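data-v2.pdb (PDB, C-alpha atoms and all ligand atoms) appears below.
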```
ATOM      1  CA  ASP A   4      27.038-103.302  45.104
ATOM      2  CA  LEU A   5      29.345-101.479  47.348
ATOM      3  CA  CYS A   6      29.556 -98.695  49.777
ATOM      4  CA  LEU A   7      32.674 -96.632  49.622
ATOM      5  CA  TYR A   8      34.332 -95.176  52.642
ATOM      6  CA  LEU A   9      37.317 -92.965  52.150
ATOM      7  CA  LEU A  10      39.660 -92.680  55.059
ATOM      8  CA  SER A  11      42.462 -90.237  55.353
ATOM      9  CA  THR A  12      45.845 -91.301  56.607
ATOM     10  CA  PRO A  13      47.327 -91.174  59.099
ATOM     11  CA  LEU A  14      44.237 -89.980  60.951
ATOM     12  CA  PRO A  15      41.336 -92.407  60.696
ATOM     13  CA  VAL A  16      38.881 -89.672  59.789
ATOM     14  CA  LEU A  17      35.782 -90.641  57.903
ATOM     15  CA  LEU A  18      36.048 -88.303  54.970
ATOM     16  CA  LEU A  19      33.180 -89.389  52.851
ATOM     17  CA  ALA A  20      30.384 -91.750  53.685
ATOM     18  CA  CYS A  21      28.473 -93.609  51.029
ATOM     19  CA  VAL A  22      28.673 -92.430  47.480
ATOM     20  CA  LEU A  23      25.108 -92.137  46.385
ATOM     21  CA  SER A  24      25.547 -93.403  42.852
ATOM     22  CA  PHE A  25      26.762 -96.708  44.205
ATOM     23  CA  ASN A  26      24.312 -99.253  45.441
ATOM     24  CA  VAL A  27      24.696 -99.029  49.149
ATOM     25  CA  ASP A  28      25.490-102.225  50.914
ATOM     26  CA  GLN A  29      26.841-101.569  54.371
ATOM     27  CA  LYS A  30      28.047-105.127  54.902
ATOM     28  CA  ASN A  31      30.349-105.006  51.916
ATOM     29  CA  GLY A  32      31.688-101.536  52.589
ATOM     30  CA  LEU A  33      35.045-100.819  51.069
ATOM     31  CA  SER A  34      37.594 -98.447  52.382
ATOM     32  CA  PHE A  35      40.443 -96.800  50.551
ATOM     33  CA  SER A  36      42.907 -94.486  52.126
ATOM     34  CA  GLY A  37      44.945 -91.616  50.817
ATOM     35  CA  PRO A  38      46.295 -88.292  51.993
ATOM     36  CA  LEU A  39      43.586 -85.866  53.035
ATOM     37  CA  GLU A  40      45.825 -82.839  52.397
ATOM     38  CA  ASP A  41      46.088 -83.875  48.733
ATOM     39  CA  MET A  42      42.279 -83.801  48.512
ATOM     40  CA  PHE A  43      42.285 -87.554  47.952
ATOM     41  CA  GLY A  44      38.662 -88.465  47.263
ATOM     42  CA  TYR A  45      37.734 -85.188  45.557
ATOM     43  CA  THR A  46      36.408 -87.211  42.611
ATOM     44  CA  ILE A  47      35.382 -90.852  42.389
ATOM     45  CA  GLN A  48      34.417 -93.044  39.472
ATOM     46  CA  GLN A  49      33.611 -96.690  39.134
ATOM     47  CA  PHE A  50      35.605 -98.328  36.379
ATOM     48  CA  GLU A  51      35.918-101.775  34.864
ATOM     49  CA  ASN A  52      38.424-103.341  32.489
ATOM     50  CA  SER A  53      39.608-106.847  31.623
ATOM     51  CA  GLU A  54      41.403-107.079  34.985
ATOM     52  CA  GLY A  55      38.183-106.470  36.920
ATOM     53  CA  LYS A  56      36.511-103.667  38.823
ATOM     54  CA  TRP A  57      38.208-100.540  40.063
ATOM     55  CA  VAL A  58      37.423 -97.315  41.777
ATOM     56  CA  LEU A  59      39.239 -94.315  40.322
ATOM     57  CA  ILE A  60      39.979 -91.667  42.902
ATOM     58  CA  GLY A  61      41.087 -88.134  42.058
ATOM     59  CA  SER A  62      43.582 -86.330  44.247
ATOM     60  CA  PRO A  63      43.980 -82.845  42.721
ATOM     61  CA  LEU A  64      46.726 -81.615  45.032
ATOM     62  CA  SER A  65      48.835 -84.760  44.899
ATOM     63  CA  GLY A  66      52.583 -84.204  44.760
ATOM     64  CA  GLN A  67      52.742 -81.242  47.072
ATOM     65  CA  PRO A  68      54.666 -79.360  48.178
ATOM     66  CA  ALA A  69      57.460 -79.918  45.643
ATOM     67  CA  LYS A  70      55.459 -81.082  42.639
ATOM     68  CA  ARG A  71      51.842 -80.299  43.233
ATOM     69  CA  THR A  72      50.229 -81.518  40.017
ATOM     70  CA  GLY A  73      47.345 -83.660  41.172
ATOM     71  CA  ASP A  74      46.851 -87.226  40.039
ATOM     72  CA  VAL A  75      44.429 -90.140  39.914
ATOM     73  CA  TYR A  76      44.654 -93.398  41.822
ATOM     74  CA  LYS A  77      43.359 -96.779  40.714
ATOM     75  CA  CYS A  78      41.934 -98.854  43.565
ATOM     76  CA  PRO A  79      41.101-102.524  42.974
ATOM     77  CA  VAL A  80      37.674-103.772  44.011
ATOM     78  CA  GLY A  81      37.013-107.326  45.132
ATOM     79  CA  ARG A  82      40.544-108.621  44.680
ATOM     80  CA  GLY A  83      41.508-108.855  48.315
ATOM     81  CA  ASP A  84      43.754-105.824  48.392
ATOM     82  CA  ASN A  85      42.522-102.296  48.869
ATOM     83  CA  THR A  86      45.818-100.639  48.013
ATOM     84  CA  CYS A  87      45.432 -97.738  45.629
ATOM     85  CA  VAL A  88      48.151 -97.063  43.058
ATOM     86  CA  LYS A  89      48.861 -93.612  41.678
ATOM     87  CA  LEU A  90      48.626 -93.514  37.882
ATOM     88  CA  GLU A  91      51.222 -90.729  37.413
ATOM     89  CA  LEU A  92      49.118 -89.029  34.764
ATOM     90  CA  PRO A  93      50.672 -85.523  34.691
ATOM     91  CA  LYS A  94      53.989 -86.718  33.283
ATOM     92  CA  ASN A  95      52.455 -87.980  30.021
ATOM     93  CA  THR A  96      49.690 -85.389  29.835
ATOM     94  CA  THR A  97      51.340 -83.052  27.413
ATOM     95  CA  VAL A  98      50.465 -80.716  24.567
ATOM     96  CA  PRO A  99      53.230 -80.737  21.948
ATOM     97  CA  ASN A 100      55.340 -77.611  21.347
ATOM     98  CA  LEU A 101      54.072 -75.770  24.379
ATOM     99  CA  ARG A 102      56.059 -74.440  27.336
ATOM    100  CA  GLU A 103      53.964 -76.081  29.997
ATOM    101  CA  VAL A 104      53.537 -75.186  33.657
ATOM    102  CA  LYS A 105      52.182 -78.381  35.131
ATOM    103  CA  GLU A 106      52.431 -77.305  38.725
ATOM    104  CA  ASN A 107      48.988 -76.649  40.215
ATOM    105  CA  MET A 108      47.246 -78.194  37.211
ATOM    106  CA  THR A 109      44.840 -79.971  39.619
ATOM    107  CA  MET A 110      44.811 -83.213  37.629
ATOM    108  CA  GLY A 111      42.008 -85.473  38.797
ATOM    109  CA  SER A 112      39.519 -82.659  39.494
ATOM    110  CA  THR A 113      37.260 -84.241  36.887
ATOM    111  CA  LEU A 114      36.902 -87.905  35.965
ATOM    112  CA  VAL A 115      34.648 -89.024  33.138
ATOM    113  CA  THR A 116      34.445 -92.649  32.134
ATOM    114  CA  ASN A 117      34.108 -93.468  28.459
ATOM    115  CA  PRO A 118      31.335 -95.969  27.641
ATOM    116  CA  ASN A 119      33.687 -97.607  25.115
ATOM    117  CA  GLY A 120      36.369 -98.201  27.740
ATOM    118  CA  GLY A 121      38.923 -95.876  29.245
ATOM    119  CA  PHE A 122      38.283 -92.499  30.843
ATOM    120  CA  LEU A 123      39.153 -88.823  30.726
ATOM    121  CA  ALA A 124      40.989 -87.330  33.700
ATOM    122  CA  CYS A 125      41.127 -83.556  33.641
ATOM    123  CA  GLY A 126      42.996 -80.743  35.297
ATOM    124  CA  PRO A 127      41.299 -77.358  34.879
ATOM    125  CA  GLN A 128      44.394 -75.347  35.840
ATOM    126  CA  TYR A 129      46.987 -76.447  33.358
ATOM    127  CA  GLY A 130      49.318 -73.529  32.656
ATOM    128  CA  TYR A 131      51.410 -72.670  29.617
ATOM    129  CA  MET A 132      53.604 -69.786  28.652
ATOM    130  CA  CYS A 133      52.862 -67.418  25.804
ATOM    131  CA  GLY A 134      55.806 -65.096  25.603
ATOM    132  CA  GLN A 135      56.474 -63.934  29.139
ATOM    133  CA  GLN A 136      52.899 -64.416  30.199
ATOM    134  CA  GLN A 137      51.331 -67.488  31.767
ATOM    135  CA  PHE A 138      47.931 -68.638  30.553
ATOM    136  CA  ILE A 139      45.668 -71.224  32.141
ATOM    137  CA  SER A 140      43.648 -73.798  30.243
ATOM    138  CA  GLY A 141      41.958 -77.032  31.071
ATOM    139  CA  VAL A 142      43.654 -80.218  29.950
ATOM    140  CA  CYS A 143      42.387 -83.787  29.865
ATOM    141  CA  ALA A 144      44.308 -87.022  29.594
ATOM    142  CA  ASN A 145      42.531 -89.617  27.466
ATOM    143  CA  VAL A 146      43.383 -92.796  29.366
ATOM    144  CA  SER A 147      42.932 -96.263  27.886
ATOM    145  CA  SER A 148      41.262 -99.160  29.677
ATOM    146  CA  SER A 149      44.762-100.409  30.508
ATOM    147  CA  PHE A 150      45.637 -97.069  32.171
ATOM    148  CA  GLN A 151      47.856 -95.722  29.397
ATOM    149  CA  ILE A 152      47.503 -92.148  28.175
ATOM    150  CA  LEU A 153      46.412 -92.180  24.526
ATOM    151  CA  ASN A 154      46.413 -88.429  23.943
ATOM    152  CA  SER A 155      45.977 -85.140  25.750
ATOM    153  CA  VAL A 156      43.136 -82.765  24.980
ATOM    154  CA  ALA A 157      43.413 -79.020  25.584
ATOM    155  CA  PRO A 158      40.955 -77.307  23.239
ATOM    156  CA  ALA A 159      41.294 -73.890  24.890
ATOM    157  CA  VAL A 160      45.019 -73.560  24.233
ATOM    158  CA  GLN A 161      45.440 -70.502  22.011
ATOM    159  CA  GLY A 162      46.829 -70.809  18.507
ATOM    160  CA  THR A 163      50.298 -71.331  17.189
ATOM    161  CA  MET A 164      51.679 -68.004  18.439
ATOM    162  CA  CYS A 165      52.298 -69.563  21.843
ATOM    163  CA  GLN A 166      54.114 -72.581  20.464
ATOM    164  CA  TRP A 167      57.824 -72.853  20.013
TER
HETATM  165  C1  LIG B 201      51.302 -73.153  42.792
HETATM  166  O1  LIG B 201      50.475 -72.820  43.900
HETATM  167  C2  LIG B 201      51.203 -72.451  45.043
HETATM  168  C3  LIG B 201      50.219 -72.252  46.176
HETATM  169  O2  LIG B 201      49.160 -71.439  45.801
HETATM  170  C4  LIG B 201      51.988 -71.168  44.723
HETATM  171  O3  LIG B 201      52.745 -70.788  45.853
HETATM  172  C5  LIG B 201      52.927 -71.455  43.551
HETATM  173  O4  LIG B 201      53.589 -70.258  43.165
HETATM  174  C6  LIG B 201      52.143 -71.973  42.362
HETATM  175  N1  LIG B 201      53.069 -72.341  41.303
HETATM  176  C7  LIG B 201      52.924 -71.934  40.030
HETATM  177  C8  LIG B 201      53.984 -72.381  39.087
HETATM  178  O5  LIG B 201      51.993 -71.241  39.667
HETATM  179  C1  LIG B 202      40.413 -91.085  23.258
HETATM  180  O1  LIG B 202      41.042 -92.136  22.557
HETATM  181  C2  LIG B 202      40.141 -92.934  21.813
HETATM  182  C3  LIG B 202      40.928 -94.100  21.223
HETATM  183  O2  LIG B 202      42.042 -93.640  20.502
HETATM  184  C4  LIG B 202      39.486 -92.082  20.724
HETATM  185  O3  LIG B 202      38.565 -92.845  20.017
HETATM  186  C5  LIG B 202      38.776 -90.908  21.394
HETATM  187  O4  LIG B 202      38.251 -90.051  20.405
HETATM  188  C6  LIG B 202      39.745 -90.141  22.270
HETATM  189  N1  LIG B 202      39.011 -89.106  22.996
HETATM  190  C7  LIG B 202      39.418 -87.824  23.004
HETATM  191  C8  LIG B 202      38.531 -86.886  23.770
HETATM  192  O5  LIG B 202      40.441 -87.435  22.452
HETATM  193  C1  LIG B 203      54.017 -92.693  30.202
HETATM  194  O1  LIG B 203      54.962 -92.887  29.155
HETATM  195  C2  LIG B 203      55.926 -93.901  29.441
HETATM  196  C3  LIG B 203      56.915 -93.903  28.281
HETATM  197  O2  LIG B 203      56.261 -94.025  27.059
HETATM  198  C4  LIG B 203      55.209 -95.246  29.619
HETATM  199  O3  LIG B 203      56.134 -96.246  29.943
HETATM  200  C5  LIG B 203      54.186 -95.103  30.761
HETATM  201  O4  LIG B 203      53.456 -96.310  30.871
HETATM  202  C6  LIG B 203      53.225 -93.967  30.453
HETATM  203  N1  LIG B 203      52.308 -93.800  31.576
HETATM  204  C7  LIG B 203      51.017 -93.509  31.374
HETATM  205  C8  LIG B 203      50.186 -93.350  32.601
HETATM  206  O5  LIG B 203      50.525 -93.370  30.278
END
```

Once more with this new file: its structure as structure tokens, please.
Ligand SMILES: *[C@@H]1O[C@H](CO)[C@@H](O)[C@H](O)[C@H]1NC(C)=O
Ligand SMILES: *[C@@H]1O[C@H](CO)[C@@H](O)[C@H](O)[C@H]1NC(C)=O
Ligand SMILES: *[C@@H]1O[C@H](CO)[C@@H](O)[C@H](O)[C@H]1NC(C)=O
Amino acid sequence: DLCLYLLSTPLPVLLLACVLSFNVDQKNGLSFSGPLEDMFGYTIQQFENSEGKWVLIGSPLSGQPAKRTGDVYKCPVGRGDNTCVKLELPKNTTVPNLREVKENMTMGSTLVTNPNGGFLACGPQYGYMCGQQQFISGVCANVSSSFQILNSVAPAVQGTMCQW
């Protein structure tokens, strides 16, 4: 039972009020902060593992300007510390034998929790080179309940002709 408030730093701007899928309880409101310019708070998912409850927060422009890949943060709930930690998903989100262009992949645009534990974090603008030409596909990281990437899923990547 929580009400989530997302605050941008450094300006204390109320970015998002209560997330409707949560049971709203004003007294126990939580706040998490992250950079507004990275679109921190674009996606939000409740999550639970053996360590306890979390809120997963997508930040699809994270890493800008130098390495704008997007990422997902894990934010602990009910453990006395509201500090969110970036999961660094783009590094291990990789399709073998492909010349990848991870910049602008907008990782964290979609978050889908898996009923059997873990979640999928997706970036719809994952790029890869096919010859001299850049193609764009969606890619998802299949993340375990302990926040490790199990595999990457990119069904739209064209056949073997683009691989090297
Ligand atoms: C990423 O997006 C920025 C801003 O739109 C653009 O300037 C840059 O060229 C893009 N990078 C790639 C590798 O597409
Ligand atoms: C994610 O990993 C789990 C465990 O290995 C597997 O059962 C599941 O099929 C994977 N999901 C996708 C979309 O690859
Ligand atoms: C990425 O891979 C490294 C090396 O295998 C591992 O130590 C790290 O935990 C992985 N991170 C994620 C988010 O899977």

Proximity of chain A to ligand LIG 201 (chain B): per-residue shortest pair, 8 Å limit, all atoms listed in the file, as JSON lines:
```
{"residue": "A:Arg71", "atom": "CA", "partner": "B:LIG201", "partner_atom": "C1", "distance": 7.2}
{"residue": "A:Val104", "atom": "CA", "partner": "B:LIG201", "partner_atom": "C8", "distance": 6.1}
{"residue": "A:Lys105", "atom": "CA", "partner": "B:LIG201", "partner_atom": "C8", "distance": 7.4}
{"residue": "A:Glu106", "atom": "CA", "partner": "B:LIG201", "partner_atom": "C8", "distance": 5.2}
{"residue": "A:Asn107", "atom": "CA", "partner": "B:LIG201", "partner_atom": "C1", "distance": 4.9}
{"residue": "A:Gly130", "atom": "CA", "partner": "B:LIG201", "partner_atom": "O5", "distance": 7.8}
```

With the cut-off set at 7 Å and counting all atoms listed in the file, tabulate each residue of chain A with an atom at most that distance from an atom of ligand LIG 203 (chain B), showing the nearest atom pair and its distance in Å to one decimal, ordered by chain and increasing number, as JSON lines.
```
{"residue": "A:Leu90", "atom": "CA", "partner": "B:LIG203", "partner_atom": "C8", "distance": 5.5}
{"residue": "A:Glu91", "atom": "CA", "partner": "B:LIG203", "partner_atom": "C8", "distance": 5.6}
{"residue": "A:Leu92", "atom": "CA", "partner": "B:LIG203", "partner_atom": "C8", "distance": 4.9}
{"residue": "A:Lys94", "atom": "CA", "partner": "B:LIG203", "partner_atom": "C1", "distance": 6.7}
{"residue": "A:Asn95", "atom": "CA", "partner": "B:LIG203", "partner_atom": "C1", "distance": 5.0}
{"residue": "A:Phe150", "atom": "CA", "partner": "B:LIG203", "partner_atom": "C8", "distance": 5.9}
{"residue": "A:Gln151", "atom": "CA", "partner": "B:LIG203", "partner_atom": "O5", "distance": 3.7}
{"residue": "A:Ile152", "atom": "CA", "partner": "B:LIG203", "partner_atom": "O5", "distance": 3.9}
```

Around ligand LIG 202 (chain B), which protein and nucleic acid residues have at least one atom no more than 9 Å from it, if we count only C-alpha atoms and all ligand atoms? List them as number ranges by chain. A: 117, 119-123, 143-147, 152-156

Report the residues retrieved by the PyMOL selection byres (((chain A and resi 77-87) around 6) and not hetatm) from the displayed file, expressed as a PyMOL selection string. chain A and resi 56-59+76+88

Selection result for the PyMOL selection byres (((chain A and resi 108) around 10) and not hetatm) on this file, as number ranges by chain: A: 63-64, 71-74, 93, 104-107, 109-112, 125-130, 139-142

Closest to A:Gln137 among A:Ala159, A:Cys165, A:Pro118, A:Pro38, using only C-alpha atoms? A:Cys165

Rank A:Thr96, A:Gln136, A:Ser148, A:Leu101 by their smallest atom-to-atom distance to A:Val160, using only C-alpha atoms, and report the top residue only.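 Of the candidates, the smallest distance to A:Val160 is held by A:Leu101.
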
What separation in Å, quoted to one decimal, exists between atom CA of A:Ala69 and atom CA of A:Thr46? 22.5 Å

Could you put an axis-aligned box around every listed atom of stretch 34-47 of chain A, padded by 3 Å on each side, and send me its centre and edge lengths in Å to one decimal, as JSON?
```
{"center_x": 40.8, "center_y": -90.6, "center_z": 47.7, "size_x": 16.9, "size_y": 21.6, "size_z": 16.6}
```

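As for atom CA of A:Gly134 and atom CA of A:Ser65, they are spaced 28.4 Å apart.
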
Go ahead and compute the interatomic distance for atom CA of A:Ile60 and atom CA of A:Lys89, in Å to one decimal.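 Atom CA of A:Lys89 lies 9.2 Å from atom CA of A:Ile60.
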
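Among the candidates A:Thr116, A:Ser34, A:Gln67, A:Ser62, the one nearest to A:Gln48 when counting all atoms listed in the file is A:Thr116.
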
Just stretch 55-66 of chain A, please, as a short mmCIF file (atom, residue, chain, number, x, y, z; two decimals), in the first residue's frame (only all heavy atoms).
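File selection_4.cif, as written:
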```
data_model
loop_
_atom_site.label_atom_id
_atom_site.label_comp_id
_atom_site.auth_asym_id
_atom_site.auth_seq_id
_atom_site.Cartn_x
_atom_site.Cartn_y
_atom_site.Cartn_z
N GLY A 55 13.11 -8.42 -0.71
CA GLY A 55 11.99 -7.57 -0.30
C GLY A 55 11.34 -6.90 -1.50
O GLY A 55 11.46 -7.38 -2.63
N LYS A 56 10.66 -5.78 -1.20
CA LYS A 56 9.93 -5.07 -2.24
C LYS A 56 10.79 -3.98 -2.87
O LYS A 56 11.63 -3.38 -2.20
CB LYS A 56 8.66 -4.44 -1.67
CG LYS A 56 7.62 -5.46 -1.30
CD LYS A 56 6.31 -4.83 -0.90
CE LYS A 56 5.29 -5.95 -0.67
NZ LYS A 56 4.03 -5.47 -0.15
N TRP A 57 10.52 -3.76 -4.14
CA TRP A 57 11.23 -2.75 -4.91
C TRP A 57 10.25 -2.00 -5.80
O TRP A 57 9.19 -2.52 -6.12
CB TRP A 57 12.27 -3.37 -5.84
CG TRP A 57 13.28 -4.27 -5.21
CD1 TRP A 57 13.14 -5.61 -4.94
CD2 TRP A 57 14.60 -3.91 -4.75
NE1 TRP A 57 14.29 -6.09 -4.36
CE2 TRP A 57 15.20 -5.08 -4.24
CE3 TRP A 57 15.32 -2.71 -4.75
CZ2 TRP A 57 16.49 -5.09 -3.72
CZ3 TRP A 57 16.61 -2.73 -4.25
CH2 TRP A 57 17.18 -3.90 -3.73
N VAL A 58 10.67 -0.84 -6.22
CA VAL A 58 10.03 -0.20 -7.36
C VAL A 58 11.10 -0.10 -8.44
O VAL A 58 12.22 0.35 -8.17
CB VAL A 58 9.49 1.20 -6.98
CG1 VAL A 58 8.99 1.93 -8.22
CG2 VAL A 58 8.37 1.07 -5.96
N LEU A 59 10.77 -0.57 -9.63
CA LEU A 59 11.67 -0.45 -10.77
C LEU A 59 11.29 0.81 -11.53
O LEU A 59 10.11 1.03 -11.81
CB LEU A 59 11.53 -1.66 -11.70
CG LEU A 59 11.75 -3.02 -11.07
CD1 LEU A 59 11.40 -4.12 -12.07
CD2 LEU A 59 13.18 -3.16 -10.59
N ILE A 60 12.25 1.63 -11.84
CA ILE A 60 11.96 2.89 -12.50
C ILE A 60 12.81 3.02 -13.77
O ILE A 60 14.04 2.98 -13.72
CB ILE A 60 12.22 4.08 -11.54
CG1 ILE A 60 11.29 3.96 -10.32
CG2 ILE A 60 11.99 5.41 -12.27
CD1 ILE A 60 11.38 5.09 -9.33
N GLY A 61 12.13 3.16 -14.88
CA GLY A 61 12.81 3.31 -16.18
C GLY A 61 13.24 4.75 -16.40
O GLY A 61 12.58 5.69 -15.95
N SER A 62 14.36 4.89 -17.08
CA SER A 62 14.95 6.20 -17.33
C SER A 62 15.56 6.15 -18.75
O SER A 62 16.78 6.00 -18.90
CB SER A 62 16.00 6.45 -16.25
OG SER A 62 16.59 7.72 -16.36
N PRO A 63 14.71 6.24 -19.78
CA PRO A 63 15.15 5.89 -21.14
C PRO A 63 16.22 6.76 -21.77
O PRO A 63 16.78 6.38 -22.80
CB PRO A 63 13.86 5.93 -21.97
CG PRO A 63 12.80 6.46 -21.11
CD PRO A 63 13.25 6.46 -19.69
N LEU A 64 16.51 7.91 -21.17
CA LEU A 64 17.58 8.74 -21.73
C LEU A 64 18.81 8.77 -20.83
O LEU A 64 19.73 9.58 -21.02
CB LEU A 64 17.09 10.18 -21.98
CG LEU A 64 15.91 10.32 -22.95
CD1 LEU A 64 15.61 11.80 -23.20
CD2 LEU A 64 16.21 9.63 -24.27
N SER A 65 18.85 7.88 -19.86
CA SER A 65 19.97 7.85 -18.93
C SER A 65 21.30 7.71 -19.66
O SER A 65 21.41 7.02 -20.67
CB SER A 65 19.76 6.65 -18.00
OG SER A 65 20.80 6.56 -17.08
N GLY A 66 22.33 8.37 -19.15
CA GLY A 66 23.65 8.28 -19.73
C GLY A 66 24.02 9.43 -20.64
O GLY A 66 25.16 9.53 -21.09
#
```
